[in-house]
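Structure file query.tsv (TSV, C-alpha atoms and all ligand atoms) is printed below.
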```tsv
chain	number	residue	atom	x	y	z
A	1	MET	CA	25.17	-3.84	7.82
A	2	LYS	CA	22.67	-1.23	6.70
A	3	LYS	CA	20.29	0.81	8.77
A	4	ILE	CA	16.88	1.44	7.24
A	5	LEU	CA	14.23	3.90	8.38
A	6	VAL	CA	10.87	2.48	7.32
A	7	THR	CA	8.01	4.93	7.80
A	8	GLY	CA	4.42	3.70	8.06
A	9	GLY	CA	5.70	0.20	8.84
A	10	ALA	CA	2.72	-0.72	11.02
A	11	GLY	CA	0.32	-0.56	8.06
A	12	PHE	CA	-0.51	-3.26	5.53
A	13	ILE	CA	2.37	-3.11	3.04
A	14	GLY	CA	4.94	-1.65	5.46
A	15	SER	CA	4.51	-4.47	7.99
A	16	ASN	CA	4.75	-7.13	5.28
A	17	PHE	CA	7.88	-5.37	3.99
A	18	ILE	CA	9.59	-5.18	7.40
A	19	LYS	CA	9.06	-8.92	7.98
A	20	TYR	CA	10.28	-9.73	4.47
A	21	MET	CA	13.44	-7.63	4.95
A	22	LEU	CA	14.30	-8.91	8.44
A	23	ASP	CA	13.97	-12.44	7.14
A	24	LYS	CA	16.05	-11.84	4.00
A	25	TYR	CA	18.68	-9.52	5.50
A	26	PRO	CA	19.14	-10.51	9.15
A	27	GLU	CA	22.21	-8.26	9.32
A	28	TYR	CA	20.18	-5.10	8.55
A	29	LYS	CA	18.78	-2.84	11.26
A	30	ILE	CA	15.23	-1.56	10.79
A	31	ILE	CA	13.65	1.39	12.56
A	32	ASN	CA	9.91	1.61	12.06
A	33	LEU	CA	8.50	5.13	12.49
A	34	ASP	CA	4.71	5.05	12.57
A	35	LEU	CA	2.09	7.34	14.05
A	36	LEU	CA	-0.31	4.43	14.62
A	37	THR	CA	-3.31	6.08	13.02
A	38	TYR	CA	-6.45	3.94	12.65
A	39	ALA	CA	-4.58	2.03	9.90
A	40	GLY	CA	-1.45	1.25	11.91
A	41	ASN	CA	-1.42	-1.91	13.99
A	42	LEU	CA	1.55	-3.23	15.93
A	43	GLU	CA	0.00	-6.70	16.05
A	44	ASN	CA	1.00	-6.97	12.38
A	45	LEU	CA	4.60	-7.07	13.62
A	46	ALA	CA	4.23	-9.32	16.68
A	47	GLU	CA	6.59	-11.96	15.26
A	48	VAL	CA	9.51	-9.52	14.92
A	49	GLU	CA	8.94	-7.11	17.82
A	50	ASN	CA	11.58	-8.73	20.03
A	51	LEU	CA	14.31	-9.01	17.42
A	52	PRO	CA	17.43	-7.05	18.44
A	53	ASN	CA	17.73	-5.44	15.00
A	54	TYR	CA	14.15	-4.10	14.92
A	55	THR	CA	13.01	-0.94	16.73
A	56	PHE	CA	9.62	0.71	16.77
A	57	VAL	CA	9.25	4.46	17.27
A	58	LYS	CA	5.77	5.94	17.62
A	59	GLY	CA	5.84	9.30	15.88
A	60	ASP	CA	4.76	11.52	13.04
A	61	ILE	CA	6.64	11.95	9.76
A	62	CYS	CA	5.60	15.62	9.99
A	63	ASP	CA	7.67	16.01	13.17
A	64	GLY	CA	10.87	17.49	11.71
A	65	SER	CA	13.04	17.25	14.81
A	66	LEU	CA	12.11	13.61	15.51
A	67	VAL	CA	12.66	12.60	11.87
A	68	ASN	CA	15.97	14.43	11.70
A	69	GLN	CA	17.16	12.90	14.94
A	70	LEU	CA	16.34	9.37	13.76
A	71	VAL	CA	17.94	9.84	10.34
A	72	SER	CA	21.06	11.42	11.86
A	73	GLU	CA	21.74	8.20	13.81
A	74	GLY	CA	23.44	6.48	10.88
A	75	VAL	CA	20.45	5.73	8.62
A	76	ASN	CA	21.52	4.55	5.14
A	77	TYR	CA	18.11	4.16	3.50
A	78	ILE	CA	14.63	5.63	3.97
A	79	ILE	CA	11.58	3.85	2.58
A	80	ASN	CA	8.40	5.86	2.92
A	81	PHE	CA	5.16	3.90	3.24
A	82	ALA	CA	3.57	6.38	5.68
A	83	ALA	CA	0.46	7.85	4.16
A	84	GLU	CA	-3.22	8.35	4.43
A	85	SER	CA	-4.15	5.68	1.92
A	86	HIS	CA	-7.92	5.34	1.53
A	87	VAL	CA	-9.56	7.14	-1.42
A	88	ASP	CA	-13.02	7.29	0.21
A	89	ARG	CA	-11.60	8.96	3.31
A	90	SER	CA	-9.80	11.51	1.09
A	91	ILE	CA	-13.17	12.50	-0.35
A	92	GLU	CA	-14.57	12.99	3.17
A	93	ASP	CA	-11.54	14.90	4.52
A	94	PRO	CA	-8.78	15.87	2.05
A	95	GLY	CA	-6.79	18.05	4.52
A	96	ILE	CA	-5.09	15.24	6.42
A	97	PHE	CA	-3.99	13.70	3.09
A	98	ILE	CA	-2.14	16.89	2.16
A	99	ARG	CA	-0.57	17.14	5.61
A	100	THR	CA	0.73	13.57	5.80
A	101	ASN	CA	1.31	12.69	2.16
A	102	VAL	CA	2.74	16.01	0.94
A	103	MET	CA	4.03	17.97	3.93
A	104	GLY	CA	5.35	14.83	5.66
A	105	MET	CA	7.14	13.97	2.42
A	106	GLN	CA	9.05	17.23	2.43
A	107	ILE	CA	10.13	16.72	6.06
A	108	LEU	CA	11.47	13.26	5.18
A	109	LEU	CA	13.27	14.52	2.07
A	110	ASN	CA	14.90	17.34	4.01
A	111	ALA	CA	16.18	14.95	6.67
A	112	ALA	CA	17.47	12.61	3.95
A	113	LEU	CA	19.32	15.47	2.27
A	114	LYS	CA	20.73	16.92	5.46
A	115	ASN	CA	22.10	13.55	6.56
A	116	LYS	CA	23.30	12.49	3.08
A	117	ILE	CA	21.59	9.11	3.03
A	118	ASP	CA	22.41	6.56	0.31
A	119	LYS	CA	18.87	5.98	-1.04
A	120	PHE	CA	15.35	7.29	-0.56
A	121	VAL	CA	12.51	5.15	-1.90
A	122	GLN	CA	9.05	6.70	-2.13
A	123	ILE	CA	6.21	4.17	-2.28
A	124	SER	CA	3.77	5.80	-4.67
A	125	THR	CA	0.81	4.39	-6.55
A	126	ASP	CA	-0.47	3.84	-10.09
A	127	GLU	CA	-3.42	6.07	-9.13
A	128	VAL	CA	-1.27	9.16	-9.81
A	129	TYR	CA	-1.68	8.42	-13.54
A	130	GLY	CA	-5.48	8.81	-13.42
A	131	SER	CA	-7.80	6.54	-15.33
A	132	LEU	CA	-7.38	4.44	-18.51
A	133	GLY	CA	-9.93	3.69	-21.20
A	134	GLU	CA	-10.56	0.13	-22.34
A	135	THR	CA	-7.07	-0.26	-23.79
A	136	GLY	CA	-3.52	0.84	-23.03
A	137	TYR	CA	-1.23	0.71	-20.01
A	138	PHE	CA	0.46	3.15	-17.64
A	139	THR	CA	4.17	3.46	-18.36
A	140	GLU	CA	6.63	5.57	-16.38
A	141	GLU	CA	6.22	8.22	-19.13
A	142	THR	CA	2.44	8.52	-18.71
A	143	PRO	CA	1.63	12.08	-17.56
A	144	LEU	CA	0.30	12.36	-14.01
A	145	ALA	CA	-3.45	13.09	-13.95
A	146	PRO	CA	-4.74	12.25	-10.46
A	147	ASN	CA	-8.51	12.32	-9.93
A	148	SER	CA	-9.01	11.93	-6.16
A	149	PRO	CA	-7.62	14.00	-3.28
A	150	TYR	CA	-5.69	10.84	-2.29
A	151	SER	CA	-4.03	10.39	-5.69
A	152	ALA	CA	-3.45	14.16	-5.99
A	153	SER	CA	-1.60	14.14	-2.67
A	154	LYS	CA	0.50	11.16	-3.78
A	155	ALA	CA	1.26	12.93	-7.09
A	156	GLY	CA	2.30	16.04	-5.13
A	157	ALA	CA	4.68	13.89	-3.10
A	158	ASP	CA	6.12	12.37	-6.29
A	159	MET	CA	6.78	15.85	-7.67
A	160	LEU	CA	8.70	16.78	-4.53
A	161	VAL	CA	10.79	13.60	-4.76
A	162	ARG	CA	11.57	14.37	-8.38
A	163	ALA	CA	12.52	17.96	-7.46
A	164	TYR	CA	14.91	16.80	-4.73
A	165	TYR	CA	16.67	14.64	-7.31
A	166	GLU	CA	16.79	17.29	-10.03
A	167	THR	CA	17.75	20.14	-7.69
A	168	PHE	CA	19.84	18.51	-4.97
A	169	LYS	CA	20.81	15.15	-6.56
A	170	LEU	CA	19.32	13.29	-3.61
A	171	PRO	CA	19.49	9.59	-4.65
A	172	VAL	CA	15.80	8.77	-4.92
A	173	ASN	CA	13.51	6.24	-6.52
A	174	ILE	CA	9.75	6.30	-6.87
A	175	THR	CA	7.76	3.08	-7.18
A	176	ARG	CA	4.24	3.16	-8.58
A	177	CYS	CA	2.46	-0.06	-7.81
A	178	SER	CA	-0.98	-1.33	-8.66
A	179	ASN	CA	-3.52	-2.57	-6.07
A	180	ASN	CA	-2.05	-4.91	-3.45
A	181	TYR	CA	-3.79	-7.76	-1.67
A	182	GLY	CA	-2.65	-10.21	0.99
A	183	PRO	CA	-2.53	-10.69	4.77
A	184	TYR	CA	-2.89	-7.79	7.25
A	185	GLN	CA	-4.79	-5.44	4.93
A	186	PHE	CA	-7.18	-3.11	6.74
A	187	PRO	CA	-10.74	-4.26	5.96
A	188	GLU	CA	-11.94	-0.95	4.52
A	189	LYS	CA	-10.15	-1.99	1.31
A	190	LEU	CA	-11.95	-4.09	-1.31
A	191	ILE	CA	-10.61	-7.63	-0.85
A	192	PRO	CA	-10.58	-7.88	2.97
A	193	LEU	CA	-13.95	-6.06	3.07
A	194	ILE	CA	-15.48	-8.70	0.80
A	195	ILE	CA	-13.95	-11.56	2.81
A	196	ALA	CA	-14.95	-10.10	6.19
A	197	ASN	CA	-18.55	-9.39	5.16
A	198	ALA	CA	-19.02	-12.67	3.27
A	199	GLN	CA	-17.79	-14.69	6.25
A	200	GLU	CA	-20.58	-13.13	8.32
A	201	ASP	CA	-23.21	-13.31	5.55
A	202	LYS	CA	-23.33	-9.51	5.49
A	203	GLU	CA	-24.13	-7.52	2.35
A	204	ILE	CA	-21.15	-6.69	0.15
A	205	PRO	CA	-21.28	-3.09	-1.10
A	206	VAL	CA	-20.06	-2.74	-4.70
A	207	TYR	CA	-19.63	0.71	-6.24
A	208	GLY	CA	-21.57	1.66	-9.39
A	209	ASP	CA	-21.85	-1.15	-11.95
A	210	GLY	CA	-18.90	-3.07	-10.48
A	211	LEU	CA	-17.07	-2.95	-13.81
A	212	ASN	CA	-14.10	-0.84	-12.67
A	213	ILE	CA	-10.86	-2.64	-13.39
A	214	ARG	CA	-7.82	-2.89	-11.13
A	215	ASP	CA	-4.51	-4.72	-11.69
A	216	TRP	CA	-3.93	-6.88	-8.58
A	217	LEU	CA	-0.54	-7.79	-7.13
A	218	HIS	CA	0.23	-9.93	-4.09
A	219	VAL	CA	1.86	-7.82	-1.36
A	220	LYS	CA	4.85	-10.20	-1.19
A	221	ASP	CA	5.59	-9.58	-4.86
A	222	HIS	CA	5.43	-5.84	-4.13
A	223	CYS	CA	7.93	-6.29	-1.26
A	224	ARG	CA	10.33	-8.15	-3.58
A	225	ALA	CA	10.04	-5.32	-6.10
A	226	ILE	CA	10.81	-2.65	-3.49
A	227	ASP	CA	13.85	-4.68	-2.39
A	228	ALA	CA	15.06	-4.73	-6.03
A	229	VAL	CA	14.51	-0.97	-6.42
A	230	LEU	CA	16.22	-0.17	-3.10
A	231	HIS	CA	19.36	-2.13	-3.96
A	232	ARG	CA	19.55	-1.88	-7.75
A	233	GLY	CA	17.33	1.01	-8.84
A	234	LYS	CA	19.14	3.77	-10.70
A	235	PRO	CA	18.94	7.08	-8.77
A	236	GLY	CA	16.29	9.46	-10.09
A	237	GLU	CA	14.25	6.70	-11.76
A	238	VAL	CA	10.59	5.79	-11.44
A	239	TYR	CA	9.58	2.10	-11.56
A	240	ASN	CA	6.05	0.88	-12.24
A	241	ILE	CA	5.14	-2.37	-10.49
A	242	GLY	CA	2.17	-4.49	-11.52
A	243	GLY	CA	0.93	-8.06	-11.68
A	244	ASN	CA	-0.45	-8.11	-15.23
A	245	ASN	CA	-3.59	-9.26	-13.57
A	246	GLU	CA	-6.54	-7.08	-14.50
A	247	ARG	CA	-9.86	-7.93	-12.89
A	248	LYS	CA	-13.22	-6.21	-12.75
A	249	ASN	CA	-14.29	-5.47	-9.17
A	250	ILE	CA	-17.40	-7.59	-9.60
A	251	GLU	CA	-15.26	-10.55	-10.77
A	252	ILE	CA	-13.21	-10.27	-7.58
A	253	VAL	CA	-16.38	-10.31	-5.49
A	254	LYS	CA	-17.76	-13.33	-7.32
A	255	THR	CA	-14.44	-15.23	-7.08
A	256	ILE	CA	-14.30	-14.73	-3.32
A	257	LEU	CA	-17.95	-15.67	-2.84
A	258	GLU	CA	-17.39	-18.84	-4.85
A	259	ILE	CA	-14.31	-19.85	-2.83
A	260	LEU	CA	-16.21	-19.18	0.42
A	261	ASN	CA	-19.27	-20.96	-0.94
A	262	LYS	CA	-21.50	-17.94	-0.30
A	263	PRO	CA	-24.43	-16.74	-2.50
A	264	GLU	CA	-24.18	-13.87	-5.00
A	265	SER	CA	-27.35	-12.48	-3.40
A	266	LEU	CA	-25.02	-10.85	-0.82
A	267	ILE	CA	-23.87	-8.38	-3.51
A	268	LYS	CA	-25.39	-4.92	-3.09
A	269	PHE	CA	-24.65	-2.28	-5.73
A	270	VAL	CA	-24.27	1.16	-4.11
A	271	THR	CA	-23.96	4.70	-5.50
A	272	ASP	CA	-20.64	5.09	-7.28
A	273	ARG	CA	-17.70	6.89	-5.71
A	274	PRO	CA	-17.37	10.43	-7.19
A	275	GLY	CA	-14.45	10.66	-9.64
A	276	HIS	CA	-14.11	6.85	-9.57
A	277	ASP	CA	-11.30	5.84	-11.93
A	278	ARG	CA	-12.50	3.26	-14.45
A	279	ARG	CA	-9.41	1.24	-15.19
A	280	TYR	CA	-5.81	0.93	-14.01
A	281	ALA	CA	-3.29	-1.29	-15.79
A	282	ILE	CA	0.46	-1.26	-15.38
A	283	ASP	CA	3.19	-1.77	-17.93
A	284	ALA	CA	5.97	-3.16	-15.72
A	285	THR	CA	8.47	-3.79	-18.55
A	286	LYS	CA	11.07	-1.41	-17.10
A	287	ILE	CA	11.45	-3.09	-13.70
A	288	LYS	CA	11.32	-6.53	-15.34
A	289	LYS	CA	14.10	-5.68	-17.80
A	290	GLU	CA	16.33	-3.43	-15.70
A	291	LEU	CA	15.98	-5.05	-12.29
A	292	GLU	CA	14.97	-8.59	-13.31
A	293	TRP	CA	11.86	-8.57	-11.13
A	294	GLU	CA	8.88	-10.76	-11.99
A	295	PRO	CA	5.66	-11.30	-10.04
A	296	SER	CA	5.62	-14.81	-8.61
A	297	TYR	CA	2.07	-15.25	-7.29
A	298	PRO	CA	-0.64	-16.37	-9.71
A	299	PHE	CA	-3.82	-14.57	-8.59
A	300	GLU	CA	-5.77	-17.83	-8.13
A	301	LYS	CA	-3.20	-19.11	-5.64
A	302	GLY	CA	-2.73	-15.74	-3.91
A	303	ILE	CA	-6.42	-15.10	-3.38
A	304	LYS	CA	-7.02	-18.58	-1.92
A	305	GLU	CA	-4.11	-18.15	0.50
A	306	THR	CA	-5.34	-14.67	1.44
A	307	ILE	CA	-8.86	-15.90	2.18
A	308	LYS	CA	-7.39	-18.72	4.28
A	309	TRP	CA	-5.29	-16.19	6.21
A	310	TYR	CA	-8.36	-14.08	7.08
A	311	GLN	CA	-10.25	-17.22	8.09
A	312	GLU	CA	-7.41	-18.32	10.35
A	313	ASN	CA	-6.92	-14.83	11.82
A	314	LYS	CA	-10.48	-13.96	12.70
A	315	GLU	CA	-9.34	-12.49	15.99
A	316	TRP	CA	-7.11	-9.97	14.18
A	317	LEU	CA	-9.98	-9.11	11.85
A	318	ASP	CA	-12.52	-8.75	14.67
A	319	LYS	CA	-10.18	-6.48	16.63
A	320	VAL	CA	-9.44	-4.10	13.78
A	321	ARG	CA	-13.16	-3.91	12.96
A	322	GLN	CA	-13.97	-2.51	16.39
A	323	GLY	CA	-13.97	1.18	17.38
A	324	GLU	CA	-12.92	3.60	14.69
A	325	TYR	CA	-13.55	1.14	11.86
A	326	ARG	CA	-17.09	0.44	13.02
A	327	GLU	CA	-17.91	4.15	13.22
A	328	TYR	CA	-16.46	4.71	9.75
A	329	TYR	CA	-18.32	1.75	8.26
A	330	GLN	CA	-21.63	2.87	9.68
A	331	ARG	CA	-21.11	6.42	8.46
A	332	VAL	CA	-20.42	5.24	4.91
A	333	TYR	CA	-22.59	2.12	4.51
A	334	GLY	CA	-25.15	2.44	7.32
A	335	ASN	CA	-26.21	-0.49	9.51
A	336	ARG	CA	-25.95	-3.16	6.83
B	401	LIG	P1	-1.96	1.66	5.30
B	401	LIG	O1	-3.02	2.70	5.38
B	401	LIG	O2	-2.29	0.25	5.64
B	401	LIG	O3	-0.72	2.09	6.21
B	401	LIG	C1	-0.28	3.41	6.34
B	401	LIG	C2	0.58	3.49	7.60
B	401	LIG	O4	1.08	4.82	7.71
B	401	LIG	C3	-0.19	3.19	8.90
B	401	LIG	O5	0.54	2.30	9.70
B	401	LIG	C4	-0.30	4.56	9.57
B	401	LIG	O6	-0.33	4.48	10.99
B	401	LIG	C5	0.96	5.24	9.06
B	401	LIG	N1	0.87	6.71	9.09
B	401	LIG	C6	-0.14	7.48	8.65
B	401	LIG	N2	0.14	8.78	8.87
B	401	LIG	C7	1.38	8.83	9.44
B	401	LIG	C8	2.22	9.89	9.88
B	401	LIG	N3	1.84	11.17	9.78
B	401	LIG	N4	3.43	9.58	10.41
B	401	LIG	C9	3.82	8.27	10.54
B	401	LIG	N5	3.05	7.24	10.14
B	401	LIG	C10	1.85	7.51	9.59
B	401	LIG	O7	-1.41	1.77	3.82
B	401	LIG	P2	-0.82	0.63	2.85
B	401	LIG	O8	-1.94	0.05	2.08
B	401	LIG	O9	0.09	-0.24	3.61
B	401	LIG	O10	0.01	1.53	1.85
B	401	LIG	C11	1.36	1.90	2.15
B	401	LIG	C12	1.86	2.84	1.07
B	401	LIG	O11	1.78	2.21	-0.20
B	401	LIG	C13	1.05	4.13	0.97
B	401	LIG	O12	1.93	5.19	0.75
B	401	LIG	C14	0.17	3.91	-0.26
B	401	LIG	O13	-0.09	5.13	-0.90
B	401	LIG	C15	1.05	3.01	-1.10
B	401	LIG	N6	0.34	2.08	-2.00
B	401	LIG	C16	-0.64	1.26	-1.52
B	401	LIG	C17	-1.25	0.35	-2.39
B	401	LIG	C18	-2.31	-0.61	-1.90
B	401	LIG	O14	-2.91	-1.31	-2.71
B	401	LIG	N7	-2.55	-0.73	-0.60
B	401	LIG	C19	-0.88	0.30	-3.74
B	401	LIG	C20	0.13	1.16	-4.19
B	401	LIG	C21	0.74	2.04	-3.31
```
Starting from the file, give its structure as C-alpha cells.
Amino acid sequence: MKKILVTGGAGFIGSNFIKYMLDKYPEYKIINLDLLTYAGNLENLAEVENLPNYTFVKGDICDGSLVNQLVSEGVNYIINFAAESHVDRSIEDPGIFIRTNVMGMQILLNAALKNKIDKFVQISTDEVYGSLGETGYFTEETPLAPNSPYSASKAGADMLVRAYYETFKLPVNITRCSNNYGPYQFPEKLIPLIIANAQEDKEIPVYGDGLNIRDWLHVKDHCRAIDAVLHRGKPGEVYNIGGNNERKNIEIVKTILEILNKPESLIKFVTDRPGHDRRYAIDATKIKKELEWEPSYPFEKGIKETIKWYQENKEWLDKVRQGEYREYYQRVYGNR
C-alpha cells in the first residue's frame, strides 16, 4: 500500500493519471490536492469520486501549512501536475505563473524533504528546452532555454527540483514531455479548440503560418511513462517523454477537419504568438532504454478516438466553455 499526493489532479493530465493509477493499483491511496482554478474540473473525476481510496482536497500548493499537513499523514510519493499551463495566458499575466509554478514548487519540495518521502516526481515540459531548428532533438542534456513566461516558470521549477536533489538528496525525478492530447483537455489548447470550433462550424484560429511543429503524445501514454518513472526512475534523473510524432499545426487542423468532414475554409490565420517556438521534438531514448517505456498509441488511432470522445461528451465541452472560458476566448479571439 502506497499513499500518493497528486497535485493538480483535477486538470487534464492529472485527472487522466489518477484514473489510470486507481485502475492499475487498486491498493494505492490517492489524495488529490487541487485549487480548482479555471482549468480544474471535478467532473473529470466523476467515475472515481466515491472510491474509498481516493480523496479530494481543495487547496493551494502555495499553502505551506496545508501541504505539510497532508504530506505528514504518511504520504510516500508526491507527483506535481499543479501549474498554470497555458502559454498565451502567461504572456497576458506572467505573475501567477511564477507564484504557482515556482513558489508552489518550493513549498512542495520543502514538505517532501521535511517528511522524508520516498519519491517526488515533477511533471515538467519539453518547452523548457526552447525551440529547435529544422533538425535535431531535445535530449536530457540539452541546455534549458525557455522562451515564454510559462516555460521560464517551469524551467525555474526544474532548477529547484535539481537543487533539492544535489543539496539535500531528496529522491526526485523530472519528466519533460511533449504536447499531450486526449480526453478532458481544456479547450483553450490546440486540439480540443479545433474540435470544438469545427463541430460548430466556427472559425479555427491558427497562429502565424501554421508551420510550427509539435511532437504529439496521447495522454494515456504519458500516464504510463509517469508510472514507470515513479516506480523505476533513478533518483536525481530527468526523463524526456515523447511520441516520435512530429506534426505541423496546420496538418493537425486539416486532419481534424477531414475526419469531421468540415471545410478548410474554416481555417483563419491570426497574428503569431510573440516568442512562438518553431519546433519541438523529443529524443526519448533514455526512458525507452532504462525504463522500457514505449508509446502505444499511433496518432491516427488516438486522434480519431479523441474526436469521438469530444463528440460523445458535448455536455462536458459546453459546460467548460461557459463563464471564464468564454470571457477569455472573446478577449483573445473576439466574437468569431
Ligand atoms: P491543466 O491546466 O489542465 O491542469 C492544471 C491543474 O492544476 C488544474 O486542475 C488547476 O486547478 C490546478 N492548479 C493550478 N494552480 C494550482 C495551485 N496553486 N494549487 C493547486 N492546484 C492548482 O494542465 P495539464 O495540461 O493537465 O498539465 C499538467 C502538468 O503537465 C503541468 O504542470 C504542465 O506544465 C505539464 N505538461 C503539460 C503538457 C500538455 O501538453 N498539456 C505537456 C507537458 C507537460
Around ligand LIG 401 (chain B), fit a box with edges along x, y and z, padding it by 8 Å on each side, then list its centre and edge lengths in Å to one decimal as JSON.
```
{"center_x": 0.4, "center_y": 4.9, "center_z": 3.4, "size_x": 22.8, "size_y": 28.5, "size_z": 31.2}
```
Task: Coordinates-based distance that separates atom CA of A:Glu312 from atom CA of A:Thr7 (Å, one decimal) - done: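 Interatomic distance, atom CA of A:Thr7 to atom CA of A:Glu312: 28.0 Å.
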Task: Between atom CA of A:Ile107 and atom CA of A:Cys62 - distance in Å to one decimal - done: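 So the answer is 6.1 Å.
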- [ ] Give the residue list for ligand LIG 401 (chain B) at 8 Å, counting all atoms listed in the file, as number ranges by chain, sorted by chain and then by residue number.
- [x] A: 7-15, 33-41, 58-62, 80-86, 99-101, 104, 122-127, 154, 176-181, 185-186, 189
Task: All residues 9 Å or closer to A:Trp293, all atoms listed in the file, same chain fewer than 4 positions away omitted, as a list in words - done: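 The residues satisfying every condition are Asp221, Arg224, Ala225, Ala228, Ile287, Lys288 and Lys289 of chain A.
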Task: Pick from A:Arg331, A:Lys262, A:Lys29, A:Arg321, whichever lies nearest to A:Gln199 using only C-alpha atoms - done: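 Of the candidates, the smallest distance to A:Gln199 is held by A:Lys262.
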TODO: Please provide as a list in words all residues within 7 Å of A:Gly243, with the sequence filter that same-chain residues fewer than 6 positions apart are discarded (counting only C-alpha atoms).
DONE: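 Near neighbours after the sequence-gap exclusion: Asp215, Trp216, Leu217 and Pro295 of chain A.
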Task: Interatomic distance (Å, one decimal) between atom CA of A:Ser265 and atom CA of A:Glu324 - done: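 Computed distance, atom CA of A:Ser265 to atom CA of A:Glu324, equals 28.2 Å.
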List as a tab-separated table every residue of stretch 221-311 of chain A that is in contact with stretch 155-174 of chain A, defined as an atom at most 8 Å from one of its atoms (using all atoms listed in the file), together with the nearest atom pair and the distance in Å rounded to one decimal, sorted by chain and then rising number.
```
residue	atom	partner	partner_atom	distance
A:Val229	CA	A:Asn173	CA	7.3
A:Leu230	CA	A:Asn173	CA	7.8
A:Gly233	CA	A:Asn173	CA	6.9
A:Lys234	CA	A:Asn173	CA	7.4
A:Pro235	CA	A:Pro171	CA	4.9
A:Gly236	CA	A:Val172	CA	5.2
A:Glu237	CA	A:Asn173	CA	5.3
A:Val238	CA	A:Ile174	CA	4.7
A:Tyr239	CA	A:Ile174	CA	6.3
```
